>>> print(open('protein.pdb').read())   # PDB, C-alpha atoms and all ligand atoms
MODEL        1
ATOM      1  CA  MET A  11      93.274  90.397  27.584
ATOM      2  CA  ASN A  12      92.279  88.384  30.649
ATOM      3  CA  PHE A  13      93.757  89.155  34.038
ATOM      4  CA  GLU A  14      93.361  87.713  37.522
ATOM      5  CA  ASN A  15      93.865  90.957  39.442
ATOM      6  CA  LEU A  16      93.006  93.654  36.889
ATOM      7  CA  ILE A  17      90.154  94.791  34.723
ATOM      8  CA  TYR A  18      91.330  95.970  31.305
ATOM      9  CA  GLU A  19      88.806  97.919  29.255
ATOM     10  CA  VAL A  20      89.067  99.784  25.984
ATOM     11  CA  ASP A  21      86.683 102.564  25.038
ATOM     12  CA  ASP A  22      87.596 103.920  21.622
ATOM     13  CA  GLN A  23      91.054 105.531  22.070
ATOM     14  CA  LEU A  24      91.058 105.169  25.848
ATOM     15  CA  ALA A  25      92.320 102.186  27.867
ATOM     16  CA  ILE A  26      91.132 101.911  31.481
ATOM     17  CA  ILE A  27      93.161  99.678  33.792
ATOM     18  CA  THR A  28      91.488  98.951  37.151
ATOM     19  CA  ILE A  29      93.435  97.147  39.866
ATOM     20  CA  ASN A  30      90.930  94.652  41.205
ATOM     21  CA  ARG A  31      91.823  93.249  44.639
ATOM     22  CA  PRO A  32      89.342  95.307  46.684
ATOM     23  CA  LYS A  33      89.368  92.934  49.683
ATOM     24  CA  LYS A  34      93.116  93.625  50.041
ATOM     25  CA  LEU A  35      92.608  97.303  49.240
ATOM     26  CA  ASN A  36      94.237  96.615  45.849
ATOM     27  CA  ALA A  37      97.644  95.943  47.473
ATOM     28  CA  LEU A  38     100.348  95.198  44.897
ATOM     29  CA  ASN A  39     101.412  91.579  45.043
ATOM     30  CA  LYS A  40     103.867  90.037  42.578
ATOM     31  CA  GLU A  41     101.192  88.834  40.165
ATOM     32  CA  THR A  42      99.486  92.232  40.107
ATOM     33  CA  ILE A  43     102.779  93.977  39.299
ATOM     34  CA  GLN A  44     103.397  91.553  36.400
ATOM     35  CA  GLU A  45      99.821  91.925  35.154
ATOM     36  CA  LEU A  46     100.070  95.714  35.324
ATOM     37  CA  HIS A  47     103.242  95.558  33.245
ATOM     38  CA  ASP A  48     101.482  93.359  30.682
ATOM     39  CA  ALA A  49      98.392  95.593  30.568
ATOM     40  CA  PHE A  50     100.427  98.788  30.130
ATOM     41  CA  ALA A  51     102.570  97.106  27.450
ATOM     42  CA  GLU A  52      99.419  95.967  25.641
ATOM     43  CA  ALA A  53      97.855  99.453  25.723
ATOM     44  CA  ASP A  54     101.093 101.154  24.684
ATOM     45  CA  SER A  55     101.594  98.844  21.712
ATOM     46  CA  ASP A  56      98.026  99.376  20.468
ATOM     47  CA  PRO A  57      98.249 102.214  17.913
ATOM     48  CA  ASN A  58      94.586 103.015  18.518
ATOM     49  CA  ILE A  59      95.080 103.815  22.237
ATOM     50  CA  GLY A  60      95.984 107.447  22.988
ATOM     51  CA  VAL A  61      95.522 107.679  26.779
ATOM     52  CA  ILE A  62      95.556 105.175  29.661
ATOM     53  CA  ILE A  63      93.628 105.771  32.895
ATOM     54  CA  LEU A  64      94.753 103.772  35.944
ATOM     55  CA  THR A  65      92.465 103.394  38.958
ATOM     56  CA  GLY A  66      91.552 101.009  41.789
ATOM     57  CA  SER A  67      88.349  99.037  42.262
ATOM     58  CA  GLY A  68      85.956  99.757  45.117
ATOM     59  CA  GLU A  69      85.361 103.047  46.868
ATOM     60  CA  LYS A  70      88.016 102.750  49.536
ATOM     61  CA  ALA A  71      91.401 102.402  47.904
ATOM     62  CA  PHE A  72      93.434 103.198  44.828
ATOM     63  CA  VAL A  73      96.249 100.962  46.150
ATOM     64  CA  ALA A  74      97.091 100.539  49.874
ATOM     65  CA  GLY A  75     100.719  99.711  49.092
ATOM     66  CA  ALA A  76     102.937  96.802  48.250
ATOM     67  CA  ASP A  77     101.549  93.557  49.661
ATOM     68  CA  ILE A  78     103.215  93.447  53.084
ATOM     69  CA  SER A  79     102.490  89.716  53.511
ATOM     70  CA  GLU A  80     104.803  88.934  50.590
ATOM     71  CA  PHE A  81     107.982  90.464  52.000
ATOM     72  CA  SER A  82     107.627  90.294  55.774
ATOM     73  CA  ASP A  83     110.274  87.518  56.008
ATOM     74  CA  PHE A  84     112.676  88.927  53.395
ATOM     75  CA  GLU A  85     116.385  89.482  53.934
ATOM     76  CA  GLU A  86     118.542  92.284  52.526
ATOM     77  CA  GLU A  87     119.246  90.863  49.072
ATOM     78  CA  GLN A  88     115.650  89.840  48.515
ATOM     79  CA  GLY A  89     114.552  93.349  49.479
ATOM     80  CA  ALA A  90     116.909  94.986  46.994
ATOM     81  CA  LEU A  91     115.823  92.571  44.276
ATOM     82  CA  LEU A  92     112.141  93.282  44.972
ATOM     83  CA  ALA A  93     112.697  97.025  44.548
ATOM     84  CA  ARG A  94     114.961  96.697  41.506
ATOM     85  CA  LYS A  95     112.625  94.336  39.649
ATOM     86  CA  GLY A  96     109.503  96.302  40.539
ATOM     87  CA  GLN A  97     110.994  99.647  39.499
ATOM     88  CA  LYS A  98     112.065  98.251  36.125
ATOM     89  CA  LEU A  99     108.950  96.243  35.407
ATOM     90  CA  LEU A 100     106.351  98.770  36.435
ATOM     91  CA  PHE A 101     107.267 102.158  37.872
ATOM     92  CA  ASP A 102     110.005 103.260  35.438
ATOM     93  CA  PHE A 103     108.117 101.469  32.687
ATOM     94  CA  ILE A 104     104.995 103.603  33.224
ATOM     95  CA  GLU A 105     106.929 106.859  33.576
ATOM     96  CA  ASN A 106     108.708 106.251  30.261
ATOM     97  CA  LEU A 107     105.705 104.943  28.337
ATOM     98  CA  SER A 108     104.927 106.722  25.035
ATOM     99  CA  THR A 109     101.229 106.791  25.899
ATOM    100  CA  PRO A 110     100.145 109.302  28.559
ATOM    101  CA  VAL A 111      98.969 107.752  31.834
ATOM    102  CA  VAL A 112      96.447 109.447  34.134
ATOM    103  CA  ALA A 113      96.111 108.045  37.667
ATOM    104  CA  ALA A 114      92.574 108.412  39.038
ATOM    105  CA  ILE A 115      93.161 108.106  42.796
ATOM    106  CA  ASN A 116      89.888 106.916  44.294
ATOM    107  CA  GLY A 117      90.869 106.375  47.955
ATOM    108  CA  PHE A 118      93.987 105.304  49.880
ATOM    109  CA  ALA A 119      97.200 105.669  47.841
ATOM    110  CA  LEU A 120      99.858 104.513  50.271
ATOM    111  CA  GLY A 121     103.441 103.323  49.884
ATOM    112  CA  GLY A 122     103.710 101.485  46.562
ATOM    113  CA  GLY A 123     100.235 102.829  45.733
ATOM    114  CA  LEU A 124     101.349 106.441  45.925
ATOM    115  CA  GLU A 125     104.574 105.485  44.141
ATOM    116  CA  LEU A 126     102.462 103.976  41.359
ATOM    117  CA  ALA A 127     100.358 107.137  41.091
ATOM    118  CA  MET A 128     103.555 109.233  41.046
ATOM    119  CA  ALA A 129     104.941 107.182  38.147
ATOM    120  CA  ALA A 130     101.878 108.231  36.098
ATOM    121  CA  HIS A 131     102.161 111.450  34.094
ATOM    122  CA  ILE A 132      99.104 113.140  35.643
ATOM    123  CA  ARG A 133      97.164 112.539  38.879
ATOM    124  CA  ILE A 134      93.546 113.328  39.772
ATOM    125  CA  ALA A 135      92.135 112.489  43.212
ATOM    126  CA  SER A 136      88.649 111.983  44.618
ATOM    127  CA  ASP A 137      87.838 114.053  47.699
ATOM    128  CA  ASN A 138      88.064 110.988  49.992
ATOM    129  CA  ALA A 139      91.608 110.120  48.838
ATOM    130  CA  ARG A 140      94.398 109.859  51.410
ATOM    131  CA  MET A 141      98.018 109.704  50.366
ATOM    132  CA  GLY A 142     101.243 108.866  52.138
ATOM    133  CA  LEU A 143     104.494 106.935  52.258
ATOM    134  CA  PRO A 144     104.175 104.930  55.519
ATOM    135  CA  GLU A 145     107.277 102.769  54.962
ATOM    136  CA  THR A 146     109.333 104.201  57.850
ATOM    137  CA  SER A 147     106.541 103.048  60.198
ATOM    138  CA  LEU A 148     107.365  99.507  58.998
ATOM    139  CA  GLY A 149     111.134  99.957  59.404
ATOM    140  CA  LEU A 150     111.620 100.444  55.654
ATOM    141  CA  ILE A 151     112.126 103.238  53.180
ATOM    142  CA  PRO A 152     110.067 103.646  49.997
ATOM    143  CA  GLY A 153     111.500 101.254  47.375
ATOM    144  CA  TYR A 154     109.488 101.899  44.241
ATOM    145  CA  GLY A 155     110.872 105.364  43.461
ATOM    146  CA  GLY A 156     109.145 107.285  46.254
ATOM    147  CA  THR A 157     112.299 108.938  47.615
ATOM    148  CA  GLN A 158     112.944 110.344  44.131
ATOM    149  CA  ARG A 159     109.539 111.170  42.650
ATOM    150  CA  LEU A 160     107.939 112.656  45.783
ATOM    151  CA  PRO A 161     110.584 115.428  46.152
ATOM    152  CA  GLN A 162     110.316 116.097  42.397
ATOM    153  CA  LEU A 163     106.586 116.670  42.744
ATOM    154  CA  VAL A 164     106.206 118.380  46.131
ATOM    155  CA  GLY A 165     109.711 119.642  47.017
ATOM    156  CA  LYS A 166     112.310 118.198  49.346
ATOM    157  CA  GLY A 167     111.023 119.586  52.659
ATOM    158  CA  ARG A 168     107.463 118.353  52.194
ATOM    159  CA  ALA A 169     108.732 114.978  50.942
ATOM    160  CA  PHE A 170     110.971 114.598  53.989
ATOM    161  CA  GLU A 171     108.035 115.450  56.276
ATOM    162  CA  MET A 172     105.749 112.883  54.604
ATOM    163  CA  ILE A 173     108.444 110.180  54.667
ATOM    164  CA  MET A 174     109.679 110.869  58.206
ATOM    165  CA  THR A 175     106.240 111.194  59.818
ATOM    166  CA  ALA A 176     104.776 108.332  57.705
ATOM    167  CA  SER A 177     101.494 110.214  57.913
ATOM    168  CA  MET A 178      98.793 110.629  55.310
ATOM    169  CA  ILE A 179      97.667 113.828  53.650
ATOM    170  CA  ASN A 180      94.151 114.404  52.357
ATOM    171  CA  ALA A 181      93.145 115.313  48.807
ATOM    172  CA  ASP A 182      93.052 119.077  49.429
ATOM    173  CA  GLN A 183      96.524 119.072  50.903
ATOM    174  CA  ALA A 184      97.770 116.939  47.998
ATOM    175  CA  LEU A 185      96.304 119.535  45.623
ATOM    176  CA  GLN A 186      97.992 122.354  47.520
ATOM    177  CA  TYR A 187     101.297 120.444  47.413
ATOM    178  CA  GLY A 188     100.990 119.861  43.634
ATOM    179  CA  LEU A 189     100.955 116.104  44.206
ATOM    180  CA  VAL A 190      97.658 115.899  42.299
ATOM    181  CA  ASN A 191      96.433 118.217  39.539
ATOM    182  CA  HIS A 192      92.705 118.119  40.382
ATOM    183  CA  VAL A 193      90.336 116.992  43.139
ATOM    184  CA  THR A 194      86.756 115.907  42.374
ATOM    185  CA  MET A 195      83.846 114.249  44.141
ATOM    186  CA  GLN A 196      84.305 110.480  44.113
ATOM    187  CA  GLU A 197      81.312 109.868  41.827
ATOM    188  CA  GLU A 198      82.786 112.292  39.269
ATOM    189  CA  LEU A 199      86.368 111.011  39.347
ATOM    190  CA  MET A 200      86.224 108.814  36.249
ATOM    191  CA  SER A 201      84.227 111.292  34.160
ATOM    192  CA  HIS A 202      86.722 114.003  35.126
ATOM    193  CA  ALA A 203      89.628 111.738  34.095
ATOM    194  CA  GLU A 204      87.867 110.916  30.828
ATOM    195  CA  LYS A 205      87.305 114.613  30.049
ATOM    196  CA  LEU A 206      90.994 115.252  30.618
ATOM    197  CA  ALA A 207      91.828 112.257  28.396
ATOM    198  CA  ALA A 208      89.567 113.646  25.643
ATOM    199  CA  LYS A 209      91.517 116.937  25.675
ATOM    200  CA  ILE A 210      94.792 115.019  25.354
ATOM    201  CA  LEU A 211      93.341 112.910  22.523
ATOM    202  CA  ASP A 212      92.696 116.069  20.468
ATOM    203  CA  ASN A 213      96.469 116.515  20.112
ATOM    204  CA  SER A 214      99.270 114.718  18.282
ATOM    205  CA  GLY A 215     100.133 111.432  19.989
ATOM    206  CA  VAL A 216     103.572 111.497  18.329
ATOM    207  CA  ALA A 217     104.307 114.956  19.725
ATOM    208  CA  ILE A 218     103.027 113.924  23.170
ATOM    209  CA  ALA A 219     105.309 110.861  23.193
ATOM    210  CA  THR A 220     108.258 113.090  22.271
ATOM    211  CA  ALA A 221     107.309 115.558  25.021
ATOM    212  CA  ILE A 222     107.217 112.711  27.596
ATOM    213  CA  THR A 223     110.776 111.749  26.607
ATOM    214  CA  ALA A 224     111.981 115.367  26.816
ATOM    215  CA  VAL A 225     110.348 116.117  30.188
ATOM    216  CA  ASN A 226     111.663 112.864  31.705
ATOM    217  CA  ALA A 227     115.167 113.567  30.345
ATOM    218  CA  GLY A 228     115.444 116.563  32.662
ATOM    219  CA  PHE A 229     115.173 114.251  35.667
ATOM    220  CA  LYS A 230     117.782 111.726  34.515
ATOM    221  CA  ALA A 231     121.303 111.978  35.862
ATOM    222  CA  GLY A 232     123.901 112.633  33.162
ATOM    223  CA  VAL A 233     121.308 113.535  30.518
ATOM    224  CA  ASN A 234     120.958 117.068  29.174
ATOM    225  CA  GLY A 235     117.221 117.654  28.927
ATOM    226  CA  TYR A 236     117.669 120.737  26.733
ATOM    227  CA  ASP A 237     119.583 118.663  24.168
ATOM    228  CA  VAL A 238     116.879 115.989  24.208
ATOM    229  CA  GLU A 239     114.294 118.735  23.675
ATOM    230  CA  ILE A 240     116.212 120.139  20.674
ATOM    231  CA  GLU A 241     116.421 116.669  19.087
ATOM    232  CA  GLY A 242     112.739 115.957  19.696
ATOM    233  CA  PHE A 243     111.717 119.384  18.418
ATOM    234  CA  GLY A 244     113.687 118.826  15.206
ATOM    235  CA  ALA A 245     112.343 115.297  14.740
ATOM    236  CA  SER A 246     108.771 116.629  15.044
ATOM    237  CA  PHE A 247     109.206 118.491  11.750
ATOM    238  CA  GLY A 248     109.593 115.145   9.967
ATOM    239  CA  THR A 249     106.255 113.749  11.168
ATOM    240  CA  GLU A 250     102.934 113.536   9.334
ATOM    241  CA  ASP A 251     101.296 114.906  12.495
ATOM    242  CA  PHE A 252     103.304 118.142  12.092
ATOM    243  CA  LYS A 253     102.164 118.517   8.484
ATOM    244  CA  GLU A 254      98.542 117.880   9.450
ATOM    245  CA  GLY A 255      98.683 120.161  12.535
ATOM    246  CA  THR A 256     100.118 123.158  10.687
ATOM    247  CA  SER A 257      97.903 122.622   7.582
ATOM    248  CA  ALA A 258      94.787 122.399   9.766
ATOM    249  CA  PHE A 259      95.743 125.620  11.561
ATOM    250  CA  LEU A 260      96.300 127.508   8.293
ATOM    251  CA  GLU A 261      93.101 126.079   6.785
ATOM    252  CA  LYS A 262      91.166 126.991   9.968
ATOM    253  CA  ARG A 263      89.926 123.443  10.588
ATOM    254  CA  LYS A 264      90.341 120.875  13.374
ATOM    255  CA  ALA A 265      93.423 118.690  12.923
ATOM    256  CA  GLU A 266      92.914 114.960  12.297
ATOM    257  CA  PHE A 267      96.272 113.604  13.367
ATOM    258  CA  PRO A 268      97.365 110.382  11.619
ATOM    259  CA  GLY A 269      99.603 109.523  14.587
ATOM    260  CA  LYS A 270     102.743 109.138  12.508
TER     261      LYS A 270
HETATM  262  N1  LIG B   1      99.501  94.720  52.109
HETATM  263  C1  LIG B   1      98.774  93.606  52.359
HETATM  264  N2  LIG B   1      97.501  93.633  52.768
HETATM  265  C2  LIG B   1      96.947  94.840  52.939
HETATM  266  C3  LIG B   1      97.635  96.033  52.708
HETATM  267  C4  LIG B   1      98.983  95.939  52.275
HETATM  268  N3  LIG B   1      99.725  97.020  51.992
HETATM  269  N4  LIG B   1      96.817  97.083  52.985
HETATM  270  C5  LIG B   1      95.650  96.544  53.367
HETATM  271  N5  LIG B   1      95.724  95.198  53.355
HETATM  272  C6  LIG B   1      94.674  94.231  53.712
HETATM  273  C7  LIG B   1      94.502  94.104  55.216
HETATM  274  O1  LIG B   1      95.459  93.222  55.750
HETATM  275  C8  LIG B   1      93.093  93.574  55.288
HETATM  276  O2  LIG B   1      93.110  92.204  54.971
HETATM  277  P1  LIG B   1      92.249  91.135  55.855
HETATM  278  O3  LIG B   1      90.820  91.590  55.700
HETATM  279  O4  LIG B   1      92.533  89.824  55.211
HETATM  280  O5  LIG B   1      92.730  91.271  57.247
HETATM  281  C9  LIG B   1      92.383  94.294  54.152
HETATM  282  O6  LIG B   1      93.409  94.699  53.260
HETATM  283  C10 LIG B   1      91.597  95.515  54.592
HETATM  284  O7  LIG B   1      92.488  96.380  55.294
HETATM  285  P2  LIG B   1      92.218  96.945  56.775
HETATM  286  O8  LIG B   1      93.523  97.266  57.410
HETATM  287  O9  LIG B   1      91.309  95.993  57.539
HETATM  288  O10 LIG B   1      91.380  98.258  56.431
HETATM  289  P3  LIG B   1      91.276  99.578  57.336
HETATM  290  O11 LIG B   1      90.198 100.399  56.715
HETATM  291  O12 LIG B   1      91.158  99.243  58.759
HETATM  292  O13 LIG B   1      92.675 100.339  57.148
HETATM  293  C11 LIG B   1      94.564 101.181  55.883
HETATM  294  C12 LIG B   1      93.048 100.836  55.886
HETATM  295  C13 LIG B   1      94.929 101.517  54.436
HETATM  296  C14 LIG B   1      94.834 102.353  56.808
HETATM  297  C15 LIG B   1      95.369  99.918  56.363
HETATM  298  O14 LIG B   1      94.935  98.789  55.610
HETATM  299  C16 LIG B   1      96.858 100.041  56.201
HETATM  300  O15 LIG B   1      97.497 100.731  56.968
HETATM  301  N6  LIG B   1      97.437  99.332  55.204
HETATM  302  C17 LIG B   1      98.862  99.268  55.009
HETATM  303  C18 LIG B   1      99.384 100.550  54.393
HETATM  304  C19 LIG B   1     100.896 100.486  54.237
HETATM  305  O16 LIG B   1     101.658 100.496  55.188
HETATM  306  N7  LIG B   1     101.335 100.460  52.978
HETATM  307  C20 LIG B   1     102.721 100.496  52.645
HETATM  308  C21 LIG B   1     103.252  99.149  52.398
HETATM  309  S1  LIG B   1     105.000  99.218  52.038
ENDMDL
END
>>> encode(input="protein.pdb", output="structure tokens")
Amino acid sequence: MNFENLIYEVDDQLAIITINRPKKLNALNKETIQELHDAFAEADSDPNIGVIILTGSGEKAFVAGADISEFSDFEEEQGALLARKGQKLLFDFIENLSTPVVAAINGFALGGGLELAMAAHIRIASDNARMGLPETSLGLIPGYGGTQRLPQLVGKGRAFEMIMTASMINADQALQYGLVNHVTMQEELMSHAEKLAAKILDNSGVAIATAITAVNAGFKAGVNGYDVEIEGFGASFGTEDFKEGTSAFLEKRKAEFPGK
């Protein structure tokens, strides 16, 4: 696929999506949000792809936020529409994708950039990364899920501090907070993400998709996550991956999951 603001690469079972507006520190304008949706949809619908890595181009930024120049003259309704459309098209879409998404945070992840990383299933940061939700310094609140996903990941008190002070935390602090799973040197970020992807690719993609649904269910209002888990657990027994996984274990060989 050809994109204006993204680089989309496929390496065997891995898709790598790189946001490519380095002069604007990869800020998310409307076109980039639509292209990201299209790229994630493409990767998710490709039965050969088992993991997606999302990163930013250049050495300075993952994503420095939503593109401020696009909404500086907005009024209330336009603001609500921007958030609603963006959440549906990209942030909720990524979180609920069947294919696991790893965010490789290679620099600034601010505002919509941190919200994008938080919508991914797993986050790894380079040691120069800086993360924050600076919206209150612009007279706004986070609008792409930040008020919900940040407390889920780091706890309410730390989330309130980050939102109220609008200040950035460094990679080590993000690791201590549990906002990222690993920190690496910048030059090793992609190889680290690829090693993690390879470990995921050893396992059943069908079971992983079911696990994503069950984990996410626990964070949805009015949904009983335990019930969703029971249903998904039961459904797993009807898959070819289950038959292959258990046979391989009993036959003391590595499983070759058919992905069905
Ligand atoms: N929206 C639009 N443009 C942005 C942007 C954003 N969120 N973040 C950076 N840019 C642009 C800058 O305007 C600048 O463009 P220009 O060269 O045409 O003037 C370019 O990217 C480089 O940014 P600059 O500010 O010169 O880099 P810096 O190293 O001095 O500072 C940051 C880096 C990340 C601290 C700073 O760019 C920043 O604070 N960005 C906004 C972060 C933010 O508030 N995000 C939340 C939005 S809701």
>>> closest_residue(input="protein.pdb", among="A:Ala25, A:Ile104, A:Thr146, A:Pro110", to="ligand LIG 1 (chain B)", atoms="only C-alpha atoms and all ligand atoms")
A:Thr146
>>> residues_near_ligand(input="protein.pdb", ligand="ligand LIG 1 (chain B)", cutoff="10 Å", atoms="all atoms listed in the file", output="PyMOL selection string")
chain A and resi 31-39+70-82+117-124+140-154+176+178
>>> residues_around(input="protein.pdb", residues="stretch 11-22 of chain A", least_positions_apart="4", cutoff="8 Å", atoms="all atoms listed in the file", output="count of residues only")
13
>>> atom_distance(input="protein.pdb", atom1="atom CA of A:Thr249", atom2="atom CA of A:Ala265")
13.9 Å
>>> resolve_selection(input="protein.pdb", expression="the PyMOL selection byres (((chain A and resi 198) around 12) and not hetatm)", output="mmCIF file with C-alpha atoms, in the frame of the given file")
data_model
loop_
_atom_site.group_PDB
_atom_site.id
_atom_site.type_symbol
_atom_site.label_atom_id
_atom_site.label_comp_id
_atom_site.auth_asym_id
_atom_site.auth_seq_id
_atom_site.Cartn_x
_atom_site.Cartn_y
_atom_site.Cartn_z
ATOM 1 C CA ALA A 114 92.574 108.412 39.038
ATOM 2 C CA ILE A 115 93.161 108.106 42.796
ATOM 3 C CA ASN A 116 89.888 106.916 44.294
ATOM 4 C CA ILE A 134 93.546 113.328 39.772
ATOM 5 C CA ALA A 135 92.135 112.489 43.212
ATOM 6 C CA SER A 136 88.649 111.983 44.618
ATOM 7 C CA ASP A 137 87.838 114.053 47.699
ATOM 8 C CA HIS A 192 92.705 118.119 40.382
ATOM 9 C CA VAL A 193 90.336 116.992 43.139
ATOM 10 C CA THR A 194 86.756 115.907 42.374
ATOM 11 C CA MET A 195 83.846 114.249 44.141
ATOM 12 C CA GLN A 196 84.305 110.480 44.113
ATOM 13 C CA GLU A 197 81.312 109.868 41.827
ATOM 14 C CA LEU A 199 86.368 111.011 39.347
ATOM 15 C CA MET A 200 86.224 108.814 36.249
ATOM 16 C CA SER A 201 84.227 111.292 34.160
ATOM 17 C CA HIS A 202 86.722 114.003 35.126
ATOM 18 C CA ALA A 203 89.628 111.738 34.095
ATOM 19 C CA GLU A 204 87.867 110.916 30.828
ATOM 20 C CA LYS A 205 87.305 114.613 30.049
#
>>> atom_distance(input="protein.pdb", atom1="atom CA of A:Ile63", atom2="atom CA of A:Val112")
4.8 Å
>>> resolve_selection(input="protein.pdb", expression="the PyMOL selection byres (((chain A and resi 109) around 10) and not hetatm)", output="PyMOL selection string")
chain A and resi 50-51+53-57+59-62+104-108+110-112+131+215-216+218-219+222
>>> resolve_selection(input="protein.pdb", expression="the PyMOL selection byres (((chain A and resi 102) around 12) and not hetatm)", output="PyMOL selection string")
chain A and resi 47+50+93-101+103-107+125-131+154-156+158-159+226+230
>>> atom_distance(input="protein.pdb", atom1="atom CA of A:Met172", atom2="atom CA of A:Thr65")
22.6 Å
>>> closest_residue(input="protein.pdb", among="A:Gly228, A:Ile173, A:Gly269, A:Asn234", to="A:Asn213", atoms="all atoms listed in the file")
A:Gly269
>>> decode(input="protein.pdb", residues="stretch 56-72 of chain A", atoms="N, CA, C and O atoms", output="compact mmCIF listing (two decimals), in the first residue's frame")
# COMPACT_ATOMS: atom_id res chain seq x y z
N ASP A 56 -4.73 -9.22 6.80
CA ASP A 56 -3.78 -10.10 6.12
C ASP A 56 -3.53 -11.31 7.02
O ASP A 56 -2.92 -11.18 8.08
N PRO A 57 -3.98 -12.51 6.60
CA PRO A 57 -3.86 -13.67 7.49
C PRO A 57 -2.41 -14.06 7.77
O PRO A 57 -2.12 -14.77 8.72
N ASN A 58 -1.49 -13.54 6.95
CA ASN A 58 -0.08 -13.86 7.15
C ASN A 58 0.57 -13.02 8.26
O ASN A 58 1.60 -13.40 8.82
N ILE A 59 -0.04 -11.87 8.58
CA ILE A 59 0.57 -10.95 9.57
C ILE A 59 0.15 -11.36 10.98
O ILE A 59 -1.04 -11.48 11.28
N GLY A 60 1.15 -11.55 11.87
CA GLY A 60 0.86 -11.96 13.24
C GLY A 60 1.15 -10.90 14.29
O GLY A 60 0.66 -11.01 15.42
N VAL A 61 1.97 -9.90 13.95
CA VAL A 61 2.27 -8.81 14.89
C VAL A 61 2.47 -7.53 14.07
O VAL A 61 2.98 -7.57 12.95
N ILE A 62 2.05 -6.40 14.67
CA ILE A 62 2.27 -5.09 14.03
C ILE A 62 3.13 -4.25 14.97
O ILE A 62 2.82 -4.14 16.17
N ILE A 63 4.20 -3.67 14.44
CA ILE A 63 5.01 -2.73 15.24
C ILE A 63 4.70 -1.32 14.71
O ILE A 63 4.71 -1.09 13.49
N LEU A 64 4.44 -0.40 15.62
CA LEU A 64 4.16 0.99 15.25
C LEU A 64 5.28 1.87 15.80
O LEU A 64 5.61 1.78 17.00
N THR A 65 5.87 2.71 14.95
CA THR A 65 6.92 3.60 15.43
C THR A 65 6.87 4.93 14.67
O THR A 65 5.99 5.13 13.82
N GLY A 66 7.78 5.84 15.01
CA GLY A 66 7.83 7.14 14.32
C GLY A 66 9.14 7.28 13.58
O GLY A 66 10.15 6.67 13.96
N SER A 67 9.17 8.08 12.51
CA SER A 67 10.41 8.21 11.77
C SER A 67 11.29 9.29 12.41
O SER A 67 10.80 10.17 13.12
N GLY A 68 12.58 9.20 12.16
CA GLY A 68 13.53 10.14 12.76
C GLY A 68 13.92 9.69 14.15
O GLY A 68 13.41 8.69 14.67
N GLU A 69 14.85 10.46 14.73
CA GLU A 69 15.37 10.04 16.05
C GLU A 69 14.78 10.86 17.18
O GLU A 69 15.13 10.67 18.34
N LYS A 70 13.90 11.80 16.83
CA LYS A 70 13.46 12.74 17.85
C LYS A 70 12.09 12.42 18.44
O LYS A 70 11.85 12.66 19.62
N ALA A 71 11.20 11.92 17.57
CA ALA A 71 9.81 11.79 18.04
C ALA A 71 9.15 10.49 17.57
O ALA A 71 9.36 10.06 16.44
N PHE A 72 8.36 9.93 18.48
CA PHE A 72 7.38 8.90 18.10
C PHE A 72 6.24 9.69 17.45
O PHE A 72 6.10 9.71 16.23
